[in-house]
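Trainee: Sharing a structure here in structure tokens format.
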Amino acid sequence: MPIKMNKEKQVVRKDVLVVGGGTAGFVAAIAAARNGASVLLLEAHDHLGGTHSGGMVMMIRSMRHMRAPGSFQEKKLMVTGYESSFEDEQLVRSIAQEYIDRMLAIGSAWGQKGQAATRQMFDPEIAKWVIEQMVQEAGVEVWLNTQASDVLMDGNRIVGVTVESLHDSIEIHAGVTIDTTGDGEIAAAAGAQYEMGSPEDGKHQPLSLYFAIGGVNLDKTLAYMREHPDEFGRDYVEKSLQLHSEQKPFTMIAFKEQIRKALAKGEYPIPYGLKTVDPDAIMYVTRTMFRNGKFRYDFTYHNMDMAYNIDGTDRVEMSKATLAMRELANKMAIFYRNYVPGYEDSYLAYTAQSVGVRDTRRIVCDYTLTDDDVLNGRTFEDGIGRYGSVMDVHDKSGKKSVSLVAVGGSGWFHIPFRSLIPKGIENLLVAGRCISAEYNALGSVRSQAASMVTGQAVGTAAALSVKGNATPRELPMSKLQGVLTSQDQII
Ligand SMILES: Cc1cc2nc3c(=O)[nH]c(=O)nc-3n(C[C@H](O)[C@H](O)[C@H](O)COP(=O)(O)OP(=O)(O)OC[C@H]3O[C@@H](n4cnc5c(N)ncnc54)[C@H](O)[C@@H]3O)c2cc1C
């Protein structure tokens, strides 16, 4: 007869519980702790930073305006020098800036002290360590490798979550619970309404698994581009060569001729869910990493749309897609070695620790940020921060490249606090890519700088709410906005 072990049952109490220690979650936890709350941060992975660090998304877009007018193509955006701009107005500061400054001080971010670049490059490996330092210094208790498994409700009020393992069963009770899981896992389990996918067909943007290739001779790659400017576009090649010579960030796009050749021989790996690719429409960017004080030209980081029509909240679909994407990363490295000049002696160095999921649940909150709000640069009485970076929406069919549409009005919009309070539920807040926004609007506010802005707002609101004995919904906006601005956030 098998013997059933008695699980140890525990109850833990905190002022604020943050579930998900990723891009928004680490900032939320720091903000809550610095504003006087006892904070527990749960993270399912073994490191903090989420998509920002383990996902290897090594460019924060954007703590400034991206002020190009109208709608434009990815390539054009790459060329315009946005990679290295400090010119447009900075919109995001506070904890995000402090974090960048700490990374800069140890050679792990490119830029200038006290400022953030339009496209802020950083080293995602060192990011884990710096984030972990900042969170611990703020006094946050961190539980890694810990997944929230259920929610505890009292009517429409969330009381906390449970954590179940083979050996223990823990109830975590908190004054305010913050959902920064990316997928809105906690809010959905608490009964919040949510929207998924595009309004036309409910489908999602493609997934990506970042990967890194080592042993690259980038001088040779750039020499090839110099000799074949028409393959890439003359402006683009000139700008890339200039940025490279100035030790500034630059981005390489798809090697279309090489892709055409490989396709003709049946040697180009096709993304999961597609039958073929159009080299002219492909979404593919390669960047060099800023690591220990300089850009490294023997190592490139690759981001391509890899798996189509996947629901990132479906375990089975996600598993199939992840297996396919890892195979694709390996095959892409072989394609690069065999076809792209400068990669002859290269090797796949590693794939990201977590899959890049662009959109899943958008939790319906007291206000849903609309595409129109973003396109018109709207301001709100309950704005908790500004954001001004493009609507970045990857094509769901694989037939077109990414669509990048600039923010209208004066180039930025407010993120309303109401978009962070799930409708009908008390004491629960959301931040990061699961906030309340229409599909295209999310293309803008899913970015890392916006995730940090919403993270800081909910962390601060949670602490104020517990201290003031009010639900987040009851908090006077002037109080929350006053604390945020006094802590160097721009509203
Ligand atoms: C491929 C790709 C490229 C991108 N490129 C850029 C770019 O160049 N620039 C830019 O600014 N933005 C970019 N983005 C967008 C941006 O990186 C993300 O939208 C943003 O980082 C999401 O932040 P988040 O905090 O919502 O989620 P995440 O950073 O993913 O954090 C969620 C965390 O919650 C944890 N978690 C989930 N469920 C649980 C649970 N039940 N219990 C405990 N923990 C849990 C996860 O492990 C994770 O650590 C990109 C996104 C992708 C996918």
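Convention: chains lettered A, B, ... in structure tokens order; per-chain residue numbering from 1; ligands numbered from 1 as shown.
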Could the residues that lie within 6 Å of ligand 1, counting only C-alpha atoms and all ligand atoms, be listed as a PyMOL selection string?

Mentor: chain A and resi 19-25+42-45+49-52+57+59-61+146-148+180-182+208+356-358+432-433+446-449+451

Trainee: Could you pull out the strand (DSSP E) residues of segment 214-311 of chain A from DSSP and send them as a ChimeraX atom specification?

Mentor: /A:214,251-252,284-291,294-304

Trainee: Okay, now the selection with N, CA, C and O atoms, as a PDB file, in the first residue's frame?

Mentor:
```pdb
ATOM      1  N   GLY A 214      27.388  32.388 -31.253  1.00  0.00           N
ATOM      2  CA  GLY A 214      28.759  32.806 -30.954  1.00  0.00           C
ATOM      3  C   GLY A 214      29.683  32.479 -32.112  1.00  0.00           C
ATOM      4  O   GLY A 214      29.287  31.832 -33.083  1.00  0.00           O
ATOM      5  N   THR A 251      20.996  47.302 -35.607  1.00  0.00           N
ATOM      6  CA  THR A 251      20.215  46.081 -35.766  1.00  0.00           C
ATOM      7  C   THR A 251      20.374  45.568 -37.182  1.00  0.00           C
ATOM      8  O   THR A 251      20.263  46.344 -38.127  1.00  0.00           O
ATOM      9  N   MET A 252      20.631  44.277 -37.322  1.00  0.00           N
ATOM     10  CA  MET A 252      20.663  43.702 -38.671  1.00  0.00           C
ATOM     11  C   MET A 252      19.307  43.074 -38.952  1.00  0.00           C
ATOM     12  O   MET A 252      18.674  42.509 -38.058  1.00  0.00           O
ATOM     13  N   TYR A 284      12.658  39.507 -38.738  1.00  0.00           N
ATOM     14  CA  TYR A 284      13.894  38.928 -38.232  1.00  0.00           C
ATOM     15  C   TYR A 284      14.828  40.057 -37.835  1.00  0.00           C
ATOM     16  O   TYR A 284      15.169  40.895 -38.669  1.00  0.00           O
ATOM     17  N   VAL A 285      15.223  40.119 -36.592  1.00  0.00           N
ATOM     18  CA  VAL A 285      16.227  41.117 -36.210  1.00  0.00           C
ATOM     19  C   VAL A 285      17.363  40.449 -35.441  1.00  0.00           C
ATOM     20  O   VAL A 285      17.156  39.519 -34.668  1.00  0.00           O
ATOM     21  N   THR A 286      18.563  40.952 -35.710  1.00  0.00           N
ATOM     22  CA  THR A 286      19.768  40.450 -35.062  1.00  0.00           C
ATOM     23  C   THR A 286      20.467  41.645 -34.416  1.00  0.00           C
ATOM     24  O   THR A 286      20.594  42.687 -35.049  1.00  0.00           O
ATOM     25  N   ARG A 287      20.856  41.463 -33.179  1.00  0.00           N
ATOM     26  CA  ARG A 287      21.534  42.571 -32.492  1.00  0.00           C
ATOM     27  C   ARG A 287      22.826  42.097 -31.855  1.00  0.00           C
ATOM     28  O   ARG A 287      22.985  40.915 -31.589  1.00  0.00           O
ATOM     29  N   THR A 288      23.711  43.065 -31.600  1.00  0.00           N
ATOM     30  CA  THR A 288      24.926  42.733 -30.859  1.00  0.00           C
ATOM     31  C   THR A 288      24.694  43.122 -29.405  1.00  0.00           C
ATOM     32  O   THR A 288      23.963  44.069 -29.115  1.00  0.00           O
ATOM     33  N   MET A 289      25.312  42.402 -28.534  1.00  0.00           N
ATOM     34  CA  MET A 289      25.066  42.589 -27.096  1.00  0.00           C
ATOM     35  C   MET A 289      26.049  43.587 -26.502  1.00  0.00           C
ATOM     36  O   MET A 289      27.235  43.540 -26.798  1.00  0.00           O
ATOM     37  N   PHE A 290      25.547  44.470 -25.651  1.00  0.00           N
ATOM     38  CA  PHE A 290      26.427  45.351 -24.887  1.00  0.00           C
ATOM     39  C   PHE A 290      26.808  44.605 -23.617  1.00  0.00           C
ATOM     40  O   PHE A 290      25.981  44.340 -22.763  1.00  0.00           O
ATOM     41  N   ARG A 291      28.074  44.232 -23.528  1.00  0.00           N
ATOM     42  CA  ARG A 291      28.467  43.340 -22.444  1.00  0.00           C
ATOM     43  C   ARG A 291      29.817  43.792 -21.897  1.00  0.00           C
ATOM     44  O   ARG A 291      30.758  43.984 -22.661  1.00  0.00           O
ATOM     45  N   LYS A 294      31.184  47.179 -23.648  1.00  0.00           N
ATOM     46  CA  LYS A 294      31.200  47.435 -25.089  1.00  0.00           C
ATOM     47  C   LYS A 294      30.313  46.449 -25.850  1.00  0.00           C
ATOM     48  O   LYS A 294      29.964  45.387 -25.317  1.00  0.00           O
ATOM     49  N   PHE A 295      30.001  46.842 -27.099  1.00  0.00           N
ATOM     50  CA  PHE A 295      29.256  45.925 -27.942  1.00  0.00           C
ATOM     51  C   PHE A 295      30.188  44.816 -28.393  1.00  0.00           C
ATOM     52  O   PHE A 295      31.343  45.062 -28.736  1.00  0.00           O
ATOM     53  N   ARG A 296      29.677  43.603 -28.388  1.00  0.00           N
ATOM     54  CA  ARG A 296      30.488  42.429 -28.739  1.00  0.00           C
ATOM     55  C   ARG A 296      30.161  42.016 -30.161  1.00  0.00           C
ATOM     56  O   ARG A 296      28.999  41.733 -30.474  1.00  0.00           O
ATOM     57  N   TYR A 297      31.192  41.975 -31.003  1.00  0.00           N
ATOM     58  CA  TYR A 297      30.942  41.693 -32.416  1.00  0.00           C
ATOM     59  C   TYR A 297      31.252  40.247 -32.811  1.00  0.00           C
ATOM     60  O   TYR A 297      31.309  39.924 -33.980  1.00  0.00           O
ATOM     61  N   ASP A 298      31.436  39.402 -31.808  1.00  0.00           N
ATOM     62  CA  ASP A 298      31.630  37.987 -32.124  1.00  0.00           C
ATOM     63  C   ASP A 298      30.407  37.162 -31.690  1.00  0.00           C
ATOM     64  O   ASP A 298      30.430  35.946 -31.680  1.00  0.00           O
ATOM     65  N   PHE A 299      29.357  37.879 -31.311  1.00  0.00           N
ATOM     66  CA  PHE A 299      28.204  37.240 -30.700  1.00  0.00           C
ATOM     67  C   PHE A 299      26.955  37.980 -31.173  1.00  0.00           C
ATOM     68  O   PHE A 299      26.883  39.195 -31.044  1.00  0.00           O
ATOM     69  N   THR A 300      25.985  37.290 -31.734  1.00  0.00           N
ATOM     70  CA  THR A 300      24.771  38.017 -32.124  1.00  0.00           C
ATOM     71  C   THR A 300      23.529  37.373 -31.508  1.00  0.00           C
ATOM     72  O   THR A 300      23.491  36.167 -31.269  1.00  0.00           O
ATOM     73  N   TYR A 301      22.518  38.219 -31.271  1.00  0.00           N
ATOM     74  CA  TYR A 301      21.261  37.791 -30.630  1.00  0.00           C
ATOM     75  C   TYR A 301      20.148  37.863 -31.656  1.00  0.00           C
ATOM     76  O   TYR A 301      20.019  38.862 -32.347  1.00  0.00           O
ATOM     77  N   HIS A 302      19.349  36.815 -31.735  1.00  0.00           N
ATOM     78  CA  HIS A 302      18.414  36.668 -32.841  1.00  0.00           C
ATOM     79  C   HIS A 302      16.987  36.598 -32.338  1.00  0.00           C
ATOM     80  O   HIS A 302      16.674  35.825 -31.433  1.00  0.00           O
ATOM     81  N   ASN A 303      16.159  37.410 -32.975  1.00  0.00           N
ATOM     82  CA  ASN A 303      14.742  37.450 -32.631  1.00  0.00           C
ATOM     83  C   ASN A 303      13.941  37.319 -33.925  1.00  0.00           C
ATOM     84  O   ASN A 303      14.047  38.179 -34.793  1.00  0.00           O
ATOM     85  N   MET A 304      13.226  36.225 -34.066  1.00  0.00           N
ATOM     86  CA  MET A 304      12.391  36.044 -35.256  1.00  0.00           C
ATOM     87  C   MET A 304      11.027  35.496 -34.835  1.00  0.00           C
ATOM     88  O   MET A 304      10.917  34.861 -33.780  1.00  0.00           O
TER      89      MET A 304
END
```

Trainee: Just the alpha helix (DSSP H) stuff from segment 273-349 of chain A, please, per backbone DSSP, written as a VMD selection string.

Mentor: chain A and resid 315 to 339

Trainee: Hey, what's within 10 Å of Leu480 of chain A if we count only C-alpha atoms and toss same-chain stuff fewer than 2 positions away? As a ChimeraX atom specification, please?

Mentor: /A:382-384,417,457-458,460-462,464-465,472,475-478,482-486

Trainee: With a distance cut-off of 9 Å and only C-alpha atoms, select the neighbouring residues of Lys220 of chain A, excluding the residue or stretch itself and same-chain residues fewer than 6 positions from it, and output the selection as a compact mmCIF listing (two decimals) with N, CA and C atoms, in the first residue's frame.

Mentor:
```txt
# COMPACT_ATOMS: atom_id res chain seq x y z
N PRO A 341 27.57 35.26 -44.68
CA PRO A 341 28.99 35.60 -44.55
C PRO A 341 29.32 36.08 -43.13
N GLY A 342 30.41 35.62 -42.61
CA GLY A 342 30.83 35.99 -41.25
C GLY A 342 30.41 34.95 -40.21
N TYR A 343 29.54 34.03 -40.59
CA TYR A 343 29.04 33.03 -39.64
C TYR A 343 29.63 31.63 -39.91
```

Trainee: Need the shell around Asp345 of chain A: protein/DNA/RNA residues with any atom at most 10 Å away, counting only C-alpha atoms. Skip same-chain ones fewer than 6 positions apart. Format as a list in words?

Mentor: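 In the requested form, the answer reads Gly214, Gly215, Val216, Asn217, Tyr336, Arg337 and Asn338 of chain A.
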
Trainee: Hey, can you spit out that residue selection with all heavy atoms as a PDB file, in the first residue's frame?

Mentor:
```
ATOM      1  N   GLY A 214      27.388  32.388 -31.253  1.00  0.00           N
ATOM      2  CA  GLY A 214      28.759  32.806 -30.954  1.00  0.00           C
ATOM      3  C   GLY A 214      29.683  32.479 -32.112  1.00  0.00           C
ATOM      4  O   GLY A 214      29.287  31.832 -33.083  1.00  0.00           O
ATOM      5  N   GLY A 215      30.940  32.949 -31.983  1.00  0.00           N
ATOM      6  CA  GLY A 215      31.945  32.656 -33.011  1.00  0.00           C
ATOM      7  C   GLY A 215      31.678  33.395 -34.317  1.00  0.00           C
ATOM      8  O   GLY A 215      31.986  32.904 -35.402  1.00  0.00           O
ATOM      9  N   VAL A 216      31.096  34.593 -34.207  1.00  0.00           N
ATOM     10  CA  VAL A 216      30.728  35.364 -35.403  1.00  0.00           C
ATOM     11  C   VAL A 216      31.866  36.322 -35.769  1.00  0.00           C
ATOM     12  O   VAL A 216      32.497  36.915 -34.893  1.00  0.00           O
ATOM     13  CB  VAL A 216      29.436  36.191 -35.128  1.00  0.00           C
ATOM     14  CG1 VAL A 216      29.026  36.991 -36.355  1.00  0.00           C
ATOM     15  CG2 VAL A 216      28.298  35.288 -34.666  1.00  0.00           C
ATOM     16  N   ASN A 217      32.103  36.495 -37.059  1.00  0.00           N
ATOM     17  CA  ASN A 217      33.045  37.506 -37.532  1.00  0.00           C
ATOM     18  C   ASN A 217      32.205  38.608 -38.179  1.00  0.00           C
ATOM     19  O   ASN A 217      31.957  38.598 -39.382  1.00  0.00           O
ATOM     20  CB  ASN A 217      34.009  36.870 -38.544  1.00  0.00           C
ATOM     21  CG  ASN A 217      34.990  37.888 -39.089  1.00  0.00           C
ATOM     22  OD1 ASN A 217      34.832  39.082 -38.888  1.00  0.00           O
ATOM     23  ND2 ASN A 217      36.001  37.398 -39.792  1.00  0.00           N
ATOM     24  N   TYR A 336      22.567  29.942 -40.692  1.00  0.00           N
ATOM     25  CA  TYR A 336      23.524  31.063 -40.627  1.00  0.00           C
ATOM     26  C   TYR A 336      24.941  30.585 -40.951  1.00  0.00           C
ATOM     27  O   TYR A 336      25.680  31.212 -41.705  1.00  0.00           O
ATOM     28  CB  TYR A 336      23.449  31.748 -39.249  1.00  0.00           C
ATOM     29  CG  TYR A 336      22.565  32.980 -39.296  1.00  0.00           C
ATOM     30  CD1 TYR A 336      21.183  32.847 -39.421  1.00  0.00           C
ATOM     31  CD2 TYR A 336      23.092  34.259 -39.278  1.00  0.00           C
ATOM     32  CE1 TYR A 336      20.367  33.964 -39.517  1.00  0.00           C
ATOM     33  CE2 TYR A 336      22.287  35.380 -39.373  1.00  0.00           C
ATOM     34  CZ  TYR A 336      20.920  35.226 -39.489  1.00  0.00           C
ATOM     35  OH  TYR A 336      20.123  36.338 -39.603  1.00  0.00           O
ATOM     36  N   ARG A 337      25.314  29.445 -40.359  1.00  0.00           N
ATOM     37  CA  ARG A 337      26.675  28.922 -40.573  1.00  0.00           C
ATOM     38  C   ARG A 337      26.888  28.621 -42.062  1.00  0.00           C
ATOM     39  O   ARG A 337      27.941  28.921 -42.616  1.00  0.00           O
ATOM     40  CB  ARG A 337      26.850  27.648 -39.743  1.00  0.00           C
ATOM     41  CG  ARG A 337      28.270  27.133 -39.727  1.00  0.00           C
ATOM     42  CD  ARG A 337      28.536  26.291 -38.496  1.00  0.00           C
ATOM     43  NE  ARG A 337      27.685  25.102 -38.443  1.00  0.00           N
ATOM     44  CZ  ARG A 337      26.987  24.741 -37.369  1.00  0.00           C
ATOM     45  NH1 ARG A 337      27.019  25.452 -36.267  1.00  0.00           N
ATOM     46  NH2 ARG A 337      26.237  23.653 -37.387  1.00  0.00           N
ATOM     47  N   ASN A 338      25.877  28.090 -42.707  1.00  0.00           N
ATOM     48  CA  ASN A 338      26.053  27.641 -44.090  1.00  0.00           C
ATOM     49  C   ASN A 338      25.836  28.738 -45.123  1.00  0.00           C
ATOM     50  O   ASN A 338      26.305  28.617 -46.254  1.00  0.00           O
ATOM     51  CB  ASN A 338      25.098  26.482 -44.401  1.00  0.00           C
ATOM     52  CG  ASN A 338      25.499  25.231 -43.645  1.00  0.00           C
ATOM     53  OD1 ASN A 338      26.641  25.117 -43.191  1.00  0.00           O
ATOM     54  ND2 ASN A 338      24.571  24.307 -43.477  1.00  0.00           N
TER      55      ASN A 338
END
```

Trainee: Would you please work out which residue, of A:Arg418, A:Lys14, A:Lys479, A:Arg362, is nearest to Ala37 of chain A when using only C-alpha atoms?

Mentor: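 Using only C-alpha atoms, the shortest distance to Ala37 of chain A belongs to A:Lys14.
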
Trainee: Would you mind reading off the distance between atom CA of Asn145 of chain A and atom CA of Lys423 of chain A, one decimal, in Å?

Mentor: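 We find that atom CA of Asn145 of chain A and atom CA of Lys423 of chain A lie 29.8 Å from each other.
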
Trainee: Out of A:His394, A:Lys239, A:His204, A:Lys9, which residue has the shortest atom-to-atom distance to Leu222 of chain A when counting only C-alpha atoms?

Mentor: A:Lys239

Trainee: Pick out the closest residue to Glu257 of chain A from this set: A:Ile435, A:Val402, A:Met452, A:Met225. Count only C-alpha atoms.

Mentor: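 Checking each of A:Ile435, A:Val402, A:Met452, A:Met225 against Glu257 of chain A, counting only C-alpha atoms, the winner is A:Met225.
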
Trainee: Could you tell me how far atom CA of Ile491 of chain A lies from atom CA of Glu474 of chain A, in Å and to one decimal?

Mentor: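 Value for the atom CA of Ile491 of chain A-atom CA of Glu474 of chain A distance: 19.8 Å.
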
Trainee: Which of these, A:Asp392, A:Glu141, A:Glu238, A:Asp230, has the shortest distance to Phe255 of chain A once you count only C-alpha atoms?

Mentor: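 That would be A:Asp230, the residue with the smallest distance to Phe255 of chain A.
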
Trainee: Just how far from atom CA of Thr162 of chain A is atom CA of Thr313 of chain A, in Å to one decimal?

Mentor: 19.4 Å

Trainee: Would you mind telling me which residue in A:Trp129, A:Tyr347, A:Phe86, A:Trp143 lies nearest to Gly114 of chain A when using only C-alpha atoms?

Mentor: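 That would be A:Phe86, the residue with the smallest distance to Gly114 of chain A.
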